[in-house]
Amino acid sequence: MNHLGWLFTGANWTGPEGILVRLAEHLGYTTLTMLIAMAIALPLGAWIGHTGRGGVVVVGLANALRALPTLGLLVLLFLLVGLGLLGPLIALVIIAVPPLLAGTYSGVRNVDPAVVDAARGMGMRGPEVLWKVELPNALPLIIGGIRSATLQVISTATVAAYVGIGGLGRFILDGLGQRDFGAMVGGSILVAALAVVADLLLGGVQRLLVSPGLQQTAPAGRRPLRLIRGGAAREAEAA
Amino acid sequence: MDWVLRNSGLVLELTREHLVLSLLPVLLGLVLAIPLGWLANRRSWGRTLTLNAAGFLYTLPSLALFVFLPPIIGTRILDPLNVIVALTVYVLALLVRTVADGLSAVPERIVDSATAMGFRPVRRFLAVELPIAVPVIVAGLRVAAVSSISLVTVGSVIGFGGLGKMFTEGFQREIPQQTVAGIVLVLLLALVVDALLVLAGRLLTPWERAQQPTAGRARPGARR
């Protein structure tokens, strides 16, 4: 593990091409991509889930994207758009949208119909049902979509160093060019750490935002039983 | 299309390499996932341990994994084995959960009847529980195979990626046609393998067709 020395050399952390700058670049690309992708996918997914129109397309798109090679997409956009951030950014957004769309769509779609009916029965209208009932209930799957999209983007942004942008992938590719295996291994550890930390943070956000009533991880088939039992217990208490 | 025809030799060779690099990990991952999935389904500590480890491994970016495996497993940095091991890790991470889910969805009364008929645990697992879990496992296997076929191409950045070479060459020589041909070939390959897996799943579970198509899917007792 003599490669680890690179990570613990202070000089590698600072400077215009140091770890801190590359880390900031990587985070910047990821954040920018996610903001654009979420602005596109969340409203669209919610609308598709709410109306039920076009669901097949969303699911098909999300599945087809798994087969789309990210490196090919990056290279193609580089050849079409040219050097710079725009090409990679378009590629990253293309990669981020389907999981977000699928998460939002299936989240809204899979809300228990009885709950939606109850909301309607209480006099809620379409938009109200969406905002107050469907979206809060869909939140676990929506955030699940955000988590997997974020991981994909962090991973692909690393590969995007191949077509010339900055970020932590630079250490892997420049290290390869200069036979500097310390930088390669160090860079890859940093990317992995970034991905793990981002996922943990989003997991924390999920725990904070999702209603406690939805946090049980029991299999779907068992949930109604629990609710009934909880209700019975409360009734017993009241009596 | 033109480009593919003029370079059919190279394309065939790359496709062959691509299939080995992407499908060998799927096979290895499946073989490892079955006992681990069994463990995850049997013991609660097994479940916590395997599913958390799988979740962690699945978060690791592919290029990073390709690069930091060599110091861990003792290979050289430009060794196709790194790509194979890395992809096996992903497939395993994905399939452990699927196998565990598939096994836990096997109705208890079926397991009980098998026990009552005298099946010992190992034979009961292989002859009863595993076959019934096949549809769920095949669903996971499709995701794993398709992802693997697409992920392999990232390996070409560090030297080994089958059809991914069409992207790196297309990039260096600025040939968009070669890049497009590479994307189309990868998509086609994924499509064909996916269809073959669906077919294999059907052949392995003749009893699914005997029931009504939707009734076979629904978990008994799930809707009440």
# chains A, B, ... in the order shown; residues from 1 in each chain; ligands from 1
$ residues_around --residues "segment 160-171 of chain B" --least-positions-apart "2" --cutoff "9 Å" --atoms "only C-alpha atoms" --output "PyMOL selection string"
(chain A and resi 69+71-76+78-79+162-163) or (chain B and resi 11+13-22+78-80+83+150-158+173-183+185-186)
$ closest_atom_pairs --of "chain A" --to "chain B" --cutoff "6 Å" --atoms "only C-alpha atoms" --output "CSV"
residue,atom,partner,partner_atom,distance
A:Arg66,CA,B:Ser147,CA,5.5
A:Ala67,CA,B:Ser150,CA,5.1
A:Pro69,CA,B:Ser150,CA,4.7
A:Gly72,CA,B:Phe167,CA,5.4
A:Val75,CA,B:Phe171,CA,6.0
A:Ser155,CA,B:Pro61,CA,4.5
A:Val185,CA,B:Phe68,CA,5.2
A:Ser188,CA,B:Ala64,CA,4.1
A:Ala192,CA,B:Leu60,CA,5.1
A:Gly221,CA,B:Ala222,CA,4.5
$ closest_residue --among "A:Pro43, A:Gly187, A:Pro113, A:Gly203" --to "Arg147 of chain A" --atoms "only C-alpha atoms"
A:Gly203
$ closest_atom_pairs --of "segment 74-183 of chain A" --to "segment 31-39 of chain A" --cutoff "12 Å" --atoms "only C-alpha atoms" --output "JSON lines"
{"residue": "A:Leu85", "atom": "CA", "partner": "A:Thr33", "partner_atom": "CA", "distance": 11.1}
{"residue": "A:Leu86", "atom": "CA", "partner": "A:Thr33", "partner_atom": "CA", "distance": 10.8}
{"residue": "A:Gly87", "atom": "CA", "partner": "A:Thr33", "partner_atom": "CA", "distance": 11.9}
{"residue": "A:Pro88", "atom": "CA", "partner": "A:Thr33", "partner_atom": "CA", "distance": 9.7}
{"residue": "A:Leu89", "atom": "CA", "partner": "A:Thr33", "partner_atom": "CA", "distance": 6.5}
{"residue": "A:Ile90", "atom": "CA", "partner": "A:Thr33", "partner_atom": "CA", "distance": 8.3}
{"residue": "A:Ala91", "atom": "CA", "partner": "A:Thr33", "partner_atom": "CA", "distance": 9.4}
{"residue": "A:Leu92", "atom": "CA", "partner": "A:Thr33", "partner_atom": "CA", "distance": 6.3}
{"residue": "A:Val93", "atom": "CA", "partner": "A:Ala37", "partner_atom": "CA", "distance": 5.4}
{"residue": "A:Ile94", "atom": "CA", "partner": "A:Ala37", "partner_atom": "CA", "distance": 7.9}
{"residue": "A:Ile95", "atom": "CA", "partner": "A:Ala37", "partner_atom": "CA", "distance": 8.9}
{"residue": "A:Ala96", "atom": "CA", "partner": "A:Ala37", "partner_atom": "CA", "distance": 6.1}
{"residue": "A:Val97", "atom": "CA", "partner": "A:Ala37", "partner_atom": "CA", "distance": 5.3}
{"residue": "A:Pro98", "atom": "CA", "partner": "A:Ala37", "partner_atom": "CA", "distance": 9.1}
{"residue": "A:Pro99", "atom": "CA", "partner": "A:Ala37", "partner_atom": "CA", "distance": 10.0}
{"residue": "A:Leu100", "atom": "CA", "partner": "A:Met38", "partner_atom": "CA", "distance": 7.0}
{"residue": "A:Leu101", "atom": "CA", "partner": "A:Met38", "partner_atom": "CA", "distance": 8.6}
{"residue": "A:Ala102", "atom": "CA", "partner": "A:Met38", "partner_atom": "CA", "distance": 11.9}
{"residue": "A:Gly103", "atom": "CA", "partner": "A:Met38", "partner_atom": "CA", "distance": 11.3}
{"residue": "A:Thr104", "atom": "CA", "partner": "A:Met38", "partner_atom": "CA", "distance": 10.2}
{"residue": "A:Ile142", "atom": "CA", "partner": "A:Met38", "partner_atom": "CA", "distance": 10.4}
{"residue": "A:Ile143", "atom": "CA", "partner": "A:Met38", "partner_atom": "CA", "distance": 11.0}
{"residue": "A:Gly145", "atom": "CA", "partner": "A:Met38", "partner_atom": "CA", "distance": 10.1}
{"residue": "A:Ile146", "atom": "CA", "partner": "A:Met38", "partner_atom": "CA", "distance": 8.2}
{"residue": "A:Arg147", "atom": "CA", "partner": "A:Met34", "partner_atom": "CA", "distance": 10.3}
{"residue": "A:Ser148", "atom": "CA", "partner": "A:Met34", "partner_atom": "CA", "distance": 11.1}
{"residue": "A:Ala149", "atom": "CA", "partner": "A:Met34", "partner_atom": "CA", "distance": 7.8}
{"residue": "A:Thr150", "atom": "CA", "partner": "A:Met34", "partner_atom": "CA", "distance": 6.9}
{"residue": "A:Leu151", "atom": "CA", "partner": "A:Met34", "partner_atom": "CA", "distance": 10.5}
{"residue": "A:Gln152", "atom": "CA", "partner": "A:Met34", "partner_atom": "CA", "distance": 10.5}
{"residue": "A:Val153", "atom": "CA", "partner": "A:Thr33", "partner_atom": "CA", "distance": 7.6}
{"residue": "A:Ile154", "atom": "CA", "partner": "A:Thr31", "partner_atom": "CA", "distance": 9.5}
{"residue": "A:Thr156", "atom": "CA", "partner": "A:Thr33", "partner_atom": "CA", "distance": 11.1}
{"residue": "A:Ala157", "atom": "CA", "partner": "A:Thr33", "partner_atom": "CA", "distance": 9.8}
$ residues_around --residues "Asn110 of chain A" --least-positions-apart "3" --cutoff "12 Å" --atoms "only C-alpha atoms" --output "PyMOL selection string"
chain A and resi 46+49-50+52+55+102-107+113-116+133-135+137-142+220
$ decode --residues "segment 162-221 of chain B" --atoms "C-alpha atoms" --output "mmCIF file, in the first residue's frame"
data_model
loop_
_atom_site.group_PDB
_atom_site.id
_atom_site.type_symbol
_atom_site.label_atom_id
_atom_site.label_comp_id
_atom_site.auth_asym_id
_atom_site.auth_seq_id
_atom_site.Cartn_x
_atom_site.Cartn_y
_atom_site.Cartn_z
ATOM 1 C CA GLY B 162 -13.999 -4.297 -25.398
ATOM 2 C CA LEU B 163 -16.132 -2.109 -27.629
ATOM 3 C CA GLY B 164 -15.166 0.850 -25.452
ATOM 4 C CA LYS B 165 -12.089 1.003 -27.624
ATOM 5 C CA MET B 166 -14.370 2.352 -30.350
ATOM 6 C CA PHE B 167 -14.933 5.377 -28.107
ATOM 7 C CA THR B 168 -11.300 5.993 -27.176
ATOM 8 C CA GLU B 169 -10.203 5.559 -30.802
ATOM 9 C CA GLY B 170 -13.112 7.642 -32.026
ATOM 10 C CA PHE B 171 -12.017 10.316 -29.573
ATOM 11 C CA GLN B 172 -8.335 10.276 -30.473
ATOM 12 C CA ARG B 173 -8.947 10.225 -34.211
ATOM 13 C CA GLU B 174 -12.104 12.367 -34.005
ATOM 14 C CA ILE B 175 -14.332 9.932 -35.901
ATOM 15 C CA PRO B 176 -17.937 10.461 -34.779
ATOM 16 C CA GLN B 177 -19.080 7.493 -36.912
ATOM 17 C CA GLN B 178 -16.895 5.115 -34.943
ATOM 18 C CA THR B 179 -18.267 6.478 -31.668
ATOM 19 C CA VAL B 180 -21.867 6.183 -32.835
ATOM 20 C CA ALA B 181 -21.200 2.673 -34.149
ATOM 21 C CA GLY B 182 -19.750 1.766 -30.742
ATOM 22 C CA ILE B 183 -22.806 3.089 -28.895
ATOM 23 C CA VAL B 184 -25.184 1.259 -31.228
ATOM 24 C CA LEU B 185 -23.232 -1.999 -30.920
ATOM 25 C CA VAL B 186 -23.212 -1.816 -27.120
ATOM 26 C CA LEU B 187 -26.963 -1.141 -27.087
ATOM 27 C CA LEU B 188 -27.562 -4.034 -29.496
ATOM 28 C CA LEU B 189 -25.423 -6.382 -27.449
ATOM 29 C CA ALA B 190 -27.332 -5.402 -24.303
ATOM 30 C CA LEU B 191 -30.643 -5.915 -26.076
ATOM 31 C CA VAL B 192 -29.688 -9.382 -27.351
ATOM 32 C CA VAL B 193 -28.326 -10.562 -24.000
ATOM 33 C CA ASP B 194 -31.407 -9.174 -22.244
ATOM 34 C CA ALA B 195 -33.706 -11.058 -24.630
ATOM 35 C CA LEU B 196 -31.701 -14.261 -24.160
ATOM 36 C CA LEU B 197 -32.014 -13.947 -20.389
ATOM 37 C CA VAL B 198 -35.781 -13.494 -20.654
ATOM 38 C CA LEU B 199 -35.915 -16.601 -22.820
ATOM 39 C CA ALA B 200 -33.722 -18.570 -20.433
ATOM 40 C CA GLY B 201 -35.944 -17.510 -17.553
ATOM 41 C CA ARG B 202 -39.028 -18.781 -19.396
ATOM 42 C CA LEU B 203 -37.377 -22.096 -20.222
ATOM 43 C CA LEU B 204 -36.290 -22.567 -16.629
ATOM 44 C CA THR B 205 -39.763 -21.979 -15.221
ATOM 45 C CA PRO B 206 -42.257 -23.938 -17.361
ATOM 46 C CA TRP B 207 -44.744 -23.889 -14.474
ATOM 47 C CA GLU B 208 -45.099 -20.091 -14.677
ATOM 48 C CA ARG B 209 -46.831 -20.458 -18.034
ATOM 49 C CA ALA B 210 -49.261 -23.020 -16.673
ATOM 50 C CA GLN B 211 -50.721 -20.403 -14.358
ATOM 51 C CA GLN B 212 -52.390 -17.231 -15.448
ATOM 52 C CA PRO B 213 -49.670 -14.755 -16.354
ATOM 53 C CA THR B 214 -50.624 -12.175 -13.739
ATOM 54 C CA ALA B 215 -51.601 -14.623 -11.001
ATOM 55 C CA GLY B 216 -48.092 -16.052 -11.016
ATOM 56 C CA ARG B 217 -46.548 -12.662 -10.285
ATOM 57 C CA ALA B 218 -48.705 -11.465 -7.439
ATOM 58 C CA ARG B 219 -47.502 -12.362 -3.978
ATOM 59 C CA PRO B 220 -50.157 -14.284 -2.113
ATOM 60 C CA GLY B 221 -51.534 -12.251 0.724
#
